[in-house]
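What follows is the content of structure_1.cif (mmCIF, C-alpha atoms).
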```
data_input
#
loop_
_atom_site.label_atom_id
_atom_site.label_comp_id
_atom_site.auth_asym_id
_atom_site.auth_seq_id
_atom_site.Cartn_x
_atom_site.Cartn_y
_atom_site.Cartn_z
CA MET A 1435 12.05 -16.65 23.02
CA GLN A 1436 9.69 -19.30 21.68
CA ILE A 1437 8.07 -18.69 18.28
CA ALA A 1438 5.30 -21.14 17.39
CA ILE A 1439 4.25 -21.69 13.79
CA LEU A 1440 0.95 -23.46 13.23
CA ALA A 1441 1.25 -26.35 10.76
CA PHE A 1442 -1.70 -28.00 9.05
CA ASP A 1443 -2.50 -30.10 5.99
CA GLY A 1444 -3.02 -27.86 2.97
CA MET A 1445 -0.94 -24.99 4.29
CA THR A 1446 0.83 -22.79 1.77
CA ALA A 1447 4.48 -23.63 2.35
CA LEU A 1448 5.92 -20.20 1.61
CA ASP A 1449 3.46 -18.49 4.01
CA ALA A 1450 5.25 -20.29 6.82
CA VAL A 1451 8.77 -20.86 5.51
CA GLY A 1452 9.37 -17.24 4.43
CA PRO A 1453 8.88 -15.91 7.97
CA ALA A 1454 10.51 -18.98 9.52
CA GLN A 1455 13.68 -18.35 7.55
CA VAL A 1456 13.82 -14.79 8.86
CA LEU A 1457 12.90 -15.58 12.45
CA ALA A 1458 15.19 -18.61 12.71
CA PHE A 1459 18.14 -16.23 12.44
CA LEU A 1460 16.95 -14.11 15.41
CA PRO A 1461 19.42 -14.45 18.29
CA GLY A 1462 17.80 -16.41 21.11
CA ALA A 1463 14.78 -17.47 19.10
CA SER A 1464 13.48 -21.02 19.27
CA LEU A 1465 11.05 -21.95 16.51
CA VAL A 1466 8.58 -24.77 16.99
CA TRP A 1467 6.14 -26.13 14.42
CA ALA A 1468 2.93 -27.04 16.17
CA SER A 1469 -0.14 -28.96 15.09
CA PRO A 1470 -3.02 -30.70 16.88
CA GLU A 1471 -0.90 -33.85 16.57
CA PRO A 1472 2.83 -33.98 15.73
CA GLY A 1473 3.74 -35.39 12.34
CA ALA A 1474 4.22 -34.54 8.69
CA ARG A 1475 1.76 -31.98 7.31
CA ARG A 1476 1.17 -31.73 3.57
CA THR A 1477 1.72 -28.33 2.00
CA ASP A 1478 0.62 -27.06 -1.42
CA ALA A 1479 4.25 -27.04 -2.62
CA ALA A 1480 4.41 -30.80 -3.12
CA MET A 1481 6.21 -31.38 0.16
CA SER A 1482 5.47 -31.99 3.80
CA ILE A 1483 6.68 -30.07 6.80
CA VAL A 1484 7.17 -32.01 10.01
CA ALA A 1485 5.30 -30.60 13.00
CA THR A 1486 7.45 -31.52 15.97
CA HIS A 1487 5.07 -30.34 18.68
CA ALA A 1488 1.45 -30.94 19.63
CA LEU A 1489 -0.44 -27.74 20.39
CA GLY A 1490 -0.75 -28.79 24.01
CA ASP A 1491 3.03 -28.90 24.30
CA VAL A 1492 3.26 -25.21 23.36
CA PRO A 1493 1.25 -23.43 26.05
CA ARG A 1494 3.00 -20.05 26.20
CA PRO A 1495 4.80 -19.06 23.00
CA GLU A 1496 5.92 -15.44 22.88
CA VAL A 1497 5.14 -15.21 19.18
CA VAL A 1498 2.50 -17.13 17.23
CA LEU A 1499 2.42 -17.28 13.43
CA VAL A 1500 -0.55 -18.66 11.50
CA PRO A 1501 0.09 -19.35 7.80
CA GLY A 1502 -2.69 -19.62 5.26
CA GLY A 1503 -3.69 -22.02 2.55
CA LEU A 1504 -5.93 -22.25 -0.48
CA ASP A 1505 -8.75 -23.60 1.69
CA VAL A 1506 -8.43 -22.95 5.42
CA ARG A 1507 -12.05 -23.83 6.26
CA PRO A 1508 -11.05 -27.11 7.94
CA VAL A 1509 -8.66 -25.20 10.22
CA MET A 1510 -11.27 -22.50 10.92
CA ALA A 1511 -13.60 -25.28 12.06
CA ASP A 1512 -11.05 -27.10 14.23
CA ALA A 1513 -11.88 -26.34 17.86
CA ARG A 1514 -8.46 -27.61 19.00
CA VAL A 1515 -6.75 -24.94 16.89
CA LEU A 1516 -9.15 -22.13 17.78
CA ASP A 1517 -9.03 -22.91 21.52
CA TRP A 1518 -5.24 -23.00 21.44
CA LEU A 1519 -5.04 -19.70 19.56
CA ARG A 1520 -7.37 -17.97 22.01
CA THR A 1521 -5.44 -19.35 24.98
CA VAL A 1522 -1.94 -18.49 23.80
CA HIS A 1523 -3.01 -15.10 22.42
CA ALA A 1524 -3.73 -14.02 26.00
CA THR A 1525 -0.01 -14.09 26.78
CA THR A 1526 1.82 -13.65 23.46
CA ARG A 1527 3.95 -10.62 22.72
CA TRP A 1528 2.89 -10.85 19.08
CA THR A 1529 0.16 -12.82 17.35
CA THR A 1530 0.68 -12.89 13.59
CA SER A 1531 -0.70 -14.28 10.37
CA VAL A 1532 0.24 -14.54 6.72
CA CYS A 1533 -2.25 -14.67 3.85
CA THR A 1534 -5.48 -16.52 4.74
CA GLY A 1535 -4.03 -17.31 8.14
CA ALA A 1536 -5.85 -14.08 9.06
CA LEU A 1537 -9.15 -15.90 8.49
CA VAL A 1538 -8.09 -18.46 11.09
CA LEU A 1539 -7.27 -15.68 13.55
CA GLY A 1540 -10.66 -14.21 12.66
CA ALA A 1541 -12.45 -17.48 13.34
CA ALA A 1542 -10.79 -17.55 16.76
CA GLY A 1543 -12.24 -14.10 17.48
CA ILE A 1544 -8.83 -12.45 17.62
CA LEU A 1545 -9.43 -9.84 14.91
CA GLN A 1546 -12.60 -8.37 16.46
CA GLY A 1547 -12.36 -4.59 16.25
CA LEU A 1548 -8.90 -4.60 14.64
CA ARG A 1549 -7.50 -3.38 11.34
CA ALA A 1550 -6.17 -6.39 9.43
CA THR A 1551 -5.15 -7.71 6.03
CA THR A 1552 -5.00 -11.01 4.15
CA HIS A 1553 -4.55 -12.23 0.55
CA TRP A 1554 -5.95 -9.60 -1.86
CA ALA A 1555 -8.53 -12.04 -3.25
CA MET A 1556 -9.94 -12.71 0.25
CA LEU A 1557 -9.74 -9.24 1.73
CA ASP A 1558 -13.49 -8.72 1.88
CA ARG A 1559 -13.89 -11.83 4.03
CA LEU A 1560 -12.31 -10.13 7.04
CA GLY A 1561 -15.39 -8.03 7.75
CA LYS A 1562 -17.42 -10.94 9.01
CA PHE A 1563 -14.92 -11.42 11.83
CA GLY A 1564 -15.41 -7.85 13.02
CA ALA A 1565 -12.16 -6.66 11.46
CA THR A 1566 -11.60 -3.64 9.26
CA PRO A 1567 -9.98 -4.89 6.01
CA VAL A 1568 -6.92 -2.86 5.04
CA SER A 1569 -5.21 -3.20 1.68
CA GLU A 1570 -1.64 -2.91 2.93
CA ARG A 1571 1.32 -5.25 2.83
CA VAL A 1572 1.65 -5.54 6.62
CA VAL A 1573 -0.88 -4.27 9.16
CA VAL A 1574 -0.02 -3.82 12.84
CA ASP A 1575 -2.85 -3.24 15.30
CA GLY A 1576 -1.90 -3.59 18.94
CA LYS A 1577 0.00 -6.85 19.21
CA VAL A 1578 -1.65 -8.42 16.17
CA ILE A 1579 0.26 -8.30 12.88
CA THR A 1580 -1.36 -9.54 9.68
CA ALA A 1581 0.39 -9.82 6.32
CA ALA A 1582 -1.02 -9.89 2.79
CA GLY A 1583 -0.71 -12.94 0.53
CA VAL A 1584 1.98 -15.62 0.70
CA SER A 1585 5.24 -13.73 0.00
CA ALA A 1586 4.18 -10.85 2.28
CA GLY A 1587 5.19 -13.02 5.22
CA ILE A 1588 8.83 -12.21 4.49
CA ASP A 1589 8.15 -8.46 4.73
CA MET A 1590 6.13 -9.02 7.90
CA ALA A 1591 8.79 -11.13 9.56
CA LEU A 1592 11.56 -8.61 8.89
CA ARG A 1593 9.44 -5.90 10.55
CA LEU A 1594 8.72 -8.26 13.44
CA ALA A 1595 12.43 -9.07 13.74
CA ALA A 1596 13.16 -5.34 14.01
CA ARG A 1597 10.60 -4.96 16.81
CA LEU A 1598 11.93 -8.01 18.66
CA ALA A 1599 15.66 -7.44 18.25
CA GLY A 1600 16.22 -3.99 16.78
CA ASP A 1601 16.86 -2.62 13.32
CA THR A 1602 20.50 -3.67 13.10
CA VAL A 1603 19.70 -7.33 13.66
CA ALA A 1604 16.84 -7.21 11.17
CA GLN A 1605 19.06 -5.48 8.61
CA GLY A 1606 21.62 -8.25 9.02
CA ILE A 1607 18.99 -10.92 8.48
CA GLN A 1608 17.66 -9.20 5.36
CA LEU A 1609 21.16 -9.01 3.98
CA GLY A 1610 21.80 -12.63 4.96
CA ILE A 1611 18.83 -13.80 2.91
CA GLU A 1612 19.84 -11.31 0.20
CA TYR A 1613 16.33 -9.92 0.11
CA ASP A 1614 16.82 -7.39 -2.65
CA PRO A 1615 13.80 -8.44 -4.71
CA ASP A 1616 13.63 -8.15 -8.47
CA PRO A 1617 10.21 -9.45 -9.48
CA PRO A 1618 9.76 -9.83 -13.24
CA PHE A 1619 6.04 -8.93 -13.26
CA ALA A 1620 3.42 -7.17 -11.14
CA GLY A 1621 2.38 -8.82 -7.90
CA SER A 1622 -0.55 -6.65 -6.91
CA PRO A 1623 -4.08 -6.49 -8.34
CA ARG A 1624 -3.56 -2.73 -8.56
CA THR A 1625 -0.71 -3.08 -11.07
CA ALA A 1626 -1.22 -6.44 -12.81
CA PRO A 1627 -3.07 -6.61 -16.15
CA PRO A 1628 -6.84 -6.80 -15.47
CA ALA A 1629 -7.19 -10.06 -17.42
CA VAL A 1630 -4.52 -11.66 -15.23
CA VAL A 1631 -6.27 -10.38 -12.09
CA ASP A 1632 -9.61 -11.80 -13.22
CA ALA A 1633 -8.09 -15.18 -14.09
CA ALA A 1634 -6.25 -15.36 -10.76
CA ARG A 1635 -9.41 -14.49 -8.86
CA ARG A 1636 -11.31 -17.24 -10.67
CA ALA A 1637 -8.54 -19.78 -10.09
CA LEU A 1638 -8.37 -18.98 -6.38
CA SER A 1639 -12.14 -19.29 -5.95
CA GLY A 1640 -12.19 -22.47 -8.00
CA GLY A 1641 -9.44 -23.94 -5.87
CA GLY A 1642 -11.79 -24.31 -2.94
CA ALA A 1643 -10.73 -21.11 -1.26
CA LEU A 1644 -13.38 -19.43 0.86
CA MET B 787 6.93 -32.10 -16.59
CA GLN B 788 8.97 -33.38 -13.67
CA ILE B 789 10.84 -30.82 -11.53
CA ALA B 790 13.30 -32.31 -9.05
CA ILE B 791 14.45 -30.37 -6.01
CA LEU B 792 17.52 -31.69 -4.23
CA ALA B 793 16.99 -32.02 -0.47
CA PHE B 794 19.79 -32.40 2.07
CA ASP B 795 20.46 -31.91 5.76
CA GLY B 796 21.42 -28.32 6.44
CA MET B 797 19.66 -26.89 3.40
CA THR B 798 18.32 -23.36 3.62
CA ALA B 799 14.56 -23.89 3.60
CA LEU B 800 13.62 -20.73 1.71
CA ASP B 801 16.15 -21.48 -1.07
CA ALA B 802 14.00 -24.47 -1.97
CA VAL B 803 10.50 -23.52 -0.83
CA GLY B 804 10.44 -20.12 -2.54
CA PRO B 805 10.91 -21.66 -6.00
CA ALA B 806 8.82 -24.71 -5.10
CA GLN B 807 5.86 -22.49 -4.26
CA VAL B 808 6.13 -20.83 -7.67
CA LEU B 809 6.76 -23.99 -9.68
CA ALA B 810 4.07 -26.04 -7.92
CA PHE B 811 1.48 -23.75 -9.51
CA LEU B 812 2.77 -24.43 -13.05
CA PRO B 813 0.14 -26.33 -15.05
CA GLY B 814 1.34 -29.88 -15.65
CA ALA B 815 4.30 -29.64 -13.30
CA SER B 816 5.11 -32.47 -10.95
CA LEU B 817 7.55 -31.56 -8.17
CA VAL B 818 9.61 -34.22 -6.45
CA TRP B 819 11.98 -33.75 -3.52
CA ALA B 820 14.95 -36.01 -4.01
CA SER B 821 17.81 -37.03 -1.75
CA PRO B 822 20.33 -39.89 -1.72
CA GLU B 823 17.84 -41.66 0.58
CA PRO B 824 14.18 -40.70 1.07
CA GLY B 825 13.25 -39.27 4.47
CA ALA B 826 13.09 -36.08 6.50
CA ARG B 827 15.92 -33.61 5.89
CA ARG B 828 16.73 -30.94 8.45
CA THR B 829 16.72 -27.36 7.22
CA ASP B 830 18.14 -24.27 8.89
CA ALA B 831 14.62 -22.93 9.56
CA ALA B 832 13.98 -25.26 12.48
CA MET B 833 11.96 -27.70 10.41
CA SER B 834 12.44 -30.72 8.24
CA ILE B 835 11.33 -31.27 4.68
CA VAL B 836 10.43 -34.79 3.67
CA ALA B 837 12.31 -36.08 0.63
CA THR B 838 9.91 -38.48 -1.02
CA HIS B 839 12.28 -39.83 -3.67
CA ALA B 840 15.73 -41.38 -3.75
CA LEU B 841 17.98 -39.85 -6.41
CA GLY B 842 17.98 -43.14 -8.30
CA ASP B 843 14.20 -42.91 -8.63
CA VAL B 844 14.49 -39.59 -10.49
CA PRO B 845 16.58 -40.43 -13.56
CA ARG B 846 15.26 -37.89 -16.09
CA PRO B 847 13.78 -34.75 -14.52
CA GLU B 848 13.15 -31.94 -16.99
CA VAL B 849 14.14 -29.32 -14.42
CA VAL B 850 16.60 -29.69 -11.55
CA LEU B 851 16.86 -27.21 -8.69
CA VAL B 852 19.72 -27.26 -6.19
CA PRO B 853 19.19 -25.13 -3.07
CA GLY B 854 22.03 -23.93 -0.89
CA GLY B 855 22.87 -23.94 2.77
CA LEU B 856 25.21 -22.29 5.25
CA ASP B 857 27.70 -25.12 4.74
CA VAL B 858 27.28 -27.17 1.58
CA ARG B 859 30.71 -28.83 1.77
CA PRO B 860 29.20 -32.22 2.73
CA VAL B 861 26.99 -32.10 -0.37
CA MET B 862 29.87 -30.98 -2.56
CA ALA B 863 31.76 -34.06 -1.36
CA ASP B 864 28.89 -36.53 -1.83
CA ALA B 865 29.61 -38.56 -4.95
CA ARG B 866 26.02 -39.81 -5.08
CA VAL B 867 24.76 -36.24 -5.46
CA LEU B 868 27.47 -35.16 -7.92
CA ASP B 869 27.05 -38.25 -10.10
CA TRP B 870 23.28 -37.78 -10.18
CA LEU B 871 23.62 -34.10 -11.09
CA ARG B 872 26.03 -34.86 -13.92
CA THR B 873 23.78 -37.62 -15.24
CA VAL B 874 20.48 -35.75 -15.16
CA HIS B 875 22.06 -32.51 -16.43
CA ALA B 876 22.72 -34.29 -19.72
CA THR B 877 18.99 -34.41 -20.44
CA THR B 878 17.40 -31.58 -18.42
CA ARG B 879 15.73 -28.63 -20.09
CA TRP B 880 16.93 -26.42 -17.22
CA THR B 881 19.47 -27.00 -14.48
CA THR B 882 19.14 -24.40 -11.73
CA SER B 883 20.49 -23.37 -8.37
CA VAL B 884 19.71 -20.92 -5.59
CA CYS B 885 22.32 -19.37 -3.30
CA THR B 886 25.22 -21.73 -2.50
CA GLY B 887 23.51 -24.44 -4.51
CA ALA B 888 25.68 -23.00 -7.27
CA LEU B 889 28.74 -24.32 -5.46
CA VAL B 890 27.24 -27.81 -5.64
CA LEU B 891 26.67 -27.39 -9.39
CA GLY B 892 30.24 -26.17 -9.56
CA ALA B 893 31.56 -29.20 -7.71
CA ALA B 894 29.72 -31.39 -10.23
CA GLY B 895 31.57 -29.60 -13.05
CA ILE B 896 28.41 -28.09 -14.47
CA LEU B 897 29.49 -24.43 -14.26
CA GLN B 898 32.72 -24.85 -16.23
CA GLY B 899 32.98 -21.96 -18.69
CA LEU B 900 29.64 -20.42 -17.68
CA ARG B 901 28.57 -17.10 -16.20
CA ALA B 902 26.96 -17.78 -12.81
CA THR B 903 25.98 -16.25 -9.50
CA THR B 904 25.49 -17.31 -5.87
CA HIS B 905 25.07 -15.66 -2.46
CA TRP B 906 26.93 -12.31 -2.44
CA ALA B 907 29.24 -13.43 0.37
CA MET B 908 30.37 -16.48 -1.62
CA LEU B 909 30.55 -15.00 -5.10
CA ASP B 910 34.33 -15.21 -5.37
CA ARG B 911 34.20 -18.97 -4.78
CA LEU B 912 32.69 -19.60 -8.20
CA GLY B 913 35.97 -18.98 -9.99
CA LYS B 914 37.55 -22.19 -8.80
CA PHE B 915 34.87 -24.16 -10.66
CA GLY B 916 35.74 -22.49 -13.94
CA ALA B 917 32.76 -20.14 -13.79
CA THR B 918 32.71 -16.39 -14.30
CA PRO B 919 31.13 -14.84 -11.16
CA VAL B 920 28.40 -12.33 -12.02
CA SER B 921 26.84 -10.05 -9.44
CA GLU B 922 23.27 -10.25 -10.72
CA ARG B 923 20.04 -11.47 -9.19
CA VAL B 924 19.48 -14.23 -11.77
CA VAL B 925 22.01 -15.40 -14.35
CA VAL B 926 21.04 -17.49 -17.38
CA ASP B 927 23.79 -19.14 -19.40
CA GLY B 928 22.63 -21.76 -21.85
CA LYS B 929 20.29 -24.03 -19.92
CA VAL B 930 21.89 -23.27 -16.55
CA ILE B 931 20.18 -20.69 -14.34
CA THR B 932 21.80 -19.59 -11.09
CA ALA B 933 20.21 -17.25 -8.55
CA ALA B 934 21.76 -15.06 -5.87
CA GLY B 935 21.19 -15.64 -2.14
CA VAL B 936 18.15 -17.33 -0.58
CA SER B 937 15.21 -15.09 -1.53
CA ALA B 938 16.51 -14.73 -5.11
CA GLY B 939 15.09 -18.17 -5.80
CA ILE B 940 11.63 -16.62 -6.02
CA ASP B 941 12.78 -14.19 -8.72
CA MET B 942 14.54 -17.02 -10.54
CA ALA B 943 11.53 -19.34 -10.43
CA LEU B 944 9.17 -16.71 -11.81
CA ARG B 945 11.51 -16.18 -14.76
CA LEU B 946 11.79 -19.94 -15.22
CA ALA B 947 7.99 -20.25 -15.07
CA ALA B 948 7.73 -17.68 -17.86
CA ARG B 949 10.18 -19.65 -20.01
CA LEU B 950 8.37 -22.93 -19.35
CA ALA B 951 4.76 -21.77 -19.63
CA GLY B 952 4.73 -18.22 -20.97
CA ASP B 953 4.45 -14.77 -19.43
CA THR B 954 0.72 -14.90 -18.74
CA VAL B 955 1.01 -18.02 -16.59
CA ALA B 956 3.99 -16.59 -14.70
CA GLN B 957 2.15 -13.30 -14.14
CA GLY B 958 -0.77 -15.24 -12.68
CA ILE B 959 1.52 -17.12 -10.32
CA GLN B 960 3.24 -13.93 -9.19
CA LEU B 961 -0.15 -12.39 -8.47
CA GLY B 962 -1.31 -15.56 -6.74
CA ILE B 963 1.60 -15.39 -4.30
CA GLU B 964 1.06 -11.62 -4.09
CA TYR B 965 4.72 -11.00 -4.80
CA ASP B 966 4.71 -7.23 -4.56
CA PRO B 967 7.65 -6.98 -2.18
CA ASP B 968 8.07 -4.21 0.36
CA PRO B 969 11.34 -4.89 2.17
CA PRO B 970 11.94 -2.64 5.17
CA PHE B 971 15.74 -2.46 4.76
CA ALA B 972 18.45 -2.99 2.15
CA GLY B 973 19.08 -6.53 0.98
CA SER B 974 22.22 -6.03 -1.08
CA PRO B 975 25.80 -5.39 0.03
CA ARG B 976 25.80 -2.48 -2.41
CA THR B 977 23.06 -0.64 -0.49
CA ALA B 978 23.20 -1.93 3.09
CA PRO B 979 25.19 0.00 5.73
CA PRO B 980 28.87 -1.08 5.57
CA ALA B 981 28.89 -2.12 9.23
CA VAL B 982 25.93 -4.43 8.61
CA VAL B 983 27.66 -5.89 5.54
CA ASP B 984 30.85 -6.56 7.52
CA ALA B 985 28.95 -8.20 10.37
CA ALA B 986 26.92 -10.37 7.99
CA ARG B 987 30.07 -11.45 6.17
CA ARG B 988 31.69 -12.42 9.48
CA ALA B 989 28.58 -14.28 10.66
CA LEU B 990 28.34 -16.24 7.42
CA SER B 991 32.01 -17.24 7.53
CA GLY B 992 31.75 -18.12 11.22
CA GLY B 993 28.72 -20.28 10.53
CA GLY B 994 30.82 -22.86 8.77
CA ALA B 995 30.12 -21.57 5.29
CA LEU B 996 32.87 -22.16 2.76
#
```
What does this structure look like when you write it as structure tokens?
Amino acid sequence: MQIAILAFDGMTALDAVGPAQVLAFLPGASLVWASPEPGARRTDAAMSIVATHALGDVPRPEVVLVPGGLDVRPVMADARVLDWLRTVHATTRWTTSVCTGALVLGAAGILQGLRATTHWAMLDRLGKFGATPVSERVVVDGKVITAAGVSAGIDMALRLAARLAGDTVAQGIQLGIEYDPDPPFAGSPRTAPPAVVDAARRALSGGGAL
Amino acid sequence: MQIAILAFDGMTALDAVGPAQVLAFLPGASLVWASPEPGARRTDAAMSIVATHALGDVPRPEVVLVPGGLDVRPVMADARVLDWLRTVHATTRWTTSVCTGALVLGAAGILQGLRATTHWAMLDRLGKFGATPVSERVVVDGKVITAAGVSAGIDMALRLAARLAGDTVAQGIQLGIEYDPDPPFAGSPRTAPPAVVDAARRALSGGGAL
């Protein structure tokens, strides 16, 4: 089972690596990191991830995962990426995104008419792609699964693992990565202090995000 | 403030990238990925991370982070890594590990006499390094912080961010990565089904882990 993760300069590393860590432990899974051209792609975590495959070398993945980034406009405007997403989406079992990766799926026309989610600070942007924005951690609509911001990719991937390989396998993976979270603060705009929410919203907009 | 993350072949990607994503958003932080030689290091998530620095080029990081892997014995036997850890630990503000990265700190002699934790399946291995194993998510003893398995690095890094830059900054980062976890299953051997715990323990031993 081939799982293709889109890699691009400016990607948020954890958007991709959280799910990759879960899905890499799926029996029979083969992960590939694909980009218009193979090579090292800069992330926003001060490191690069090596894309081993060109998009054209990954014509029929069974699962596609699109991570996000602080500014995904260059990816949303890259016809090579959008054409590839539309083509492979026709035959995937699951087409998925994390964080603002949903905006890339949207730009490819894949979210038209679907319920979907993305990072909380960008949620209202989904409407212009014909999607219904949903403030949930993981949203499944047909074969399209979208996850909320950054760390939500881990929750998404565990649910995807359960659908692909059953609950027992997914339980084993969750235990293997000891995913028994103990966050020190609030991670949702519904529960965080309003001043922190406002500052985060300003910082994200100022960072060149959509 | 320089934060050095040790990179090595066979590292567990999320051990390093979870904390890196948190710490990269710290104002004034400069993350470097260091290895005995610069270059791409294979992770167990089907991708490589590029180490940009040789260990010798990172003589005085203020924070050191050692990720783990399914089999860290080669790292525990690498005198270049152990010598570097001992040297930089003398002047760090914080020396940290995630998952079996604690065993590498242990091999360097850094856990002698300290309370520490690691992946649940390896916890009893800490004793031979003179450490007191503690079954907690994040353990702070002096300036040494150890985290439990894989995903615990995110919880550790948020606590570290709060100590380095204050609660408000750490709250903003947690909200930025939307860390409001919603795991579908149990992630601790205390709460997971016993059969799943037994199978995970067998799989981890069979995978070449210590």
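Proximity to region 1455-1468 of chain A at 7 Å, evaluated using all atoms listed in the file and with sequence-adjacent residues fewer than 5 positions away removed, yields A:Met1435, A:Gln1436, A:Ile1437, A:Ala1438, A:Ile1439, A:Leu1440, A:Ala1441, A:Ala1485, A:Thr1486, A:His1487, A:Ala1488, A:Leu1489, A:Ala1591, A:Leu1592, A:Ala1595, A:Ile1607, B:Ala799, B:Leu800, B:Ala831, B:Ala832.
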Hey, list the chain B side of the contact with chain A: 7 Å cut-off, all atoms listed in the file, answer as a PyMOL selection string.
chain B and resi 799-800+803-804+806-807+810+817+831-836+935-938+941+945+957-958+960-974+982+986
Determine, counting all atoms listed in the file, which protein, DNA and RNA residues have an atom within 7 Å of an atom of Pro919 (chain B); residues of the same chain fewer than 5 positions away are not included. Present the result as a ChimeraX atom specification.
/B:901-903,909-910,912-913
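Closest approach to Ser991 (chain B) among B:Ile931, B:Met862, B:Leu856, B:Val926: B:Leu856, based on all atoms listed in the file.
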Please, what distance in Å, to one decimal, runs between CA of Phe1442 (chain A) and CA of Pro853 (chain B)?
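Between CA of Phe1442 (chain A) and CA of Pro853 (chain B) the gap works out to 24.3 Å.
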Surrounding residues of region 1520-1531 of chain A excluding itself and chain neighbours under 6 positions, 6 Å, only C-alpha atoms, as a JSON list (two decimals) with C-alpha atoms, in the coordinates of the input:
```
[["chain", "number", "residue", "atom", "x", "y", "z"],
["A", 1494, "ARG", "CA", 3.00, -20.05, 26.20],
["A", 1496, "GLU", "CA", 5.92, -15.44, 22.88],
["A", 1497, "VAL", "CA", 5.14, -15.21, 19.18],
["A", 1498, "VAL", "CA", 2.50, -17.13, 17.23],
["A", 1499, "LEU", "CA", 2.42, -17.28, 13.43],
["A", 1500, "VAL", "CA", -0.55, -18.66, 11.50],
["A", 1501, "PRO", "CA", 0.09, -19.35, 7.80],
["A", 1577, "LYS", "CA", 0.00, -6.85, 19.21],
["A", 1578, "VAL", "CA", -1.65, -8.42, 16.17],
["A", 1579, "ILE", "CA", 0.26, -8.30, 12.88],
["A", 1580, "THR", "CA", -1.36, -9.54, 9.68]]
```
The centre and edge lengths of an axis-aligned box containing all atoms of region 1569-1577 of chain A present in the file, extended by 6 Å on each side, are to be given in Å to one decimal, as JSON.
```
{"center_x": -1.8, "center_y": -4.9, "center_z": 10.4, "size_x": 18.9, "size_y": 15.9, "size_z": 29.5}
```
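Note that CA of Arg1636 (chain A) and CA of Asp1512 (chain A) are 26.8 Å apart.
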Find the distance between CA of Val920 (chain B) and CA of Val890 (chain B) and write it in Å to one decimal.
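Computing the Euclidean distance for CA of Val920 (chain B) and CA of Val890 (chain B) yields 16.8 Å.
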Result set, the PyMOL selection byres ((chain A and resi 1511) around 12) on current file, as a PyMOL selection string
chain A and resi 1505-1510+1512-1517+1537-1542
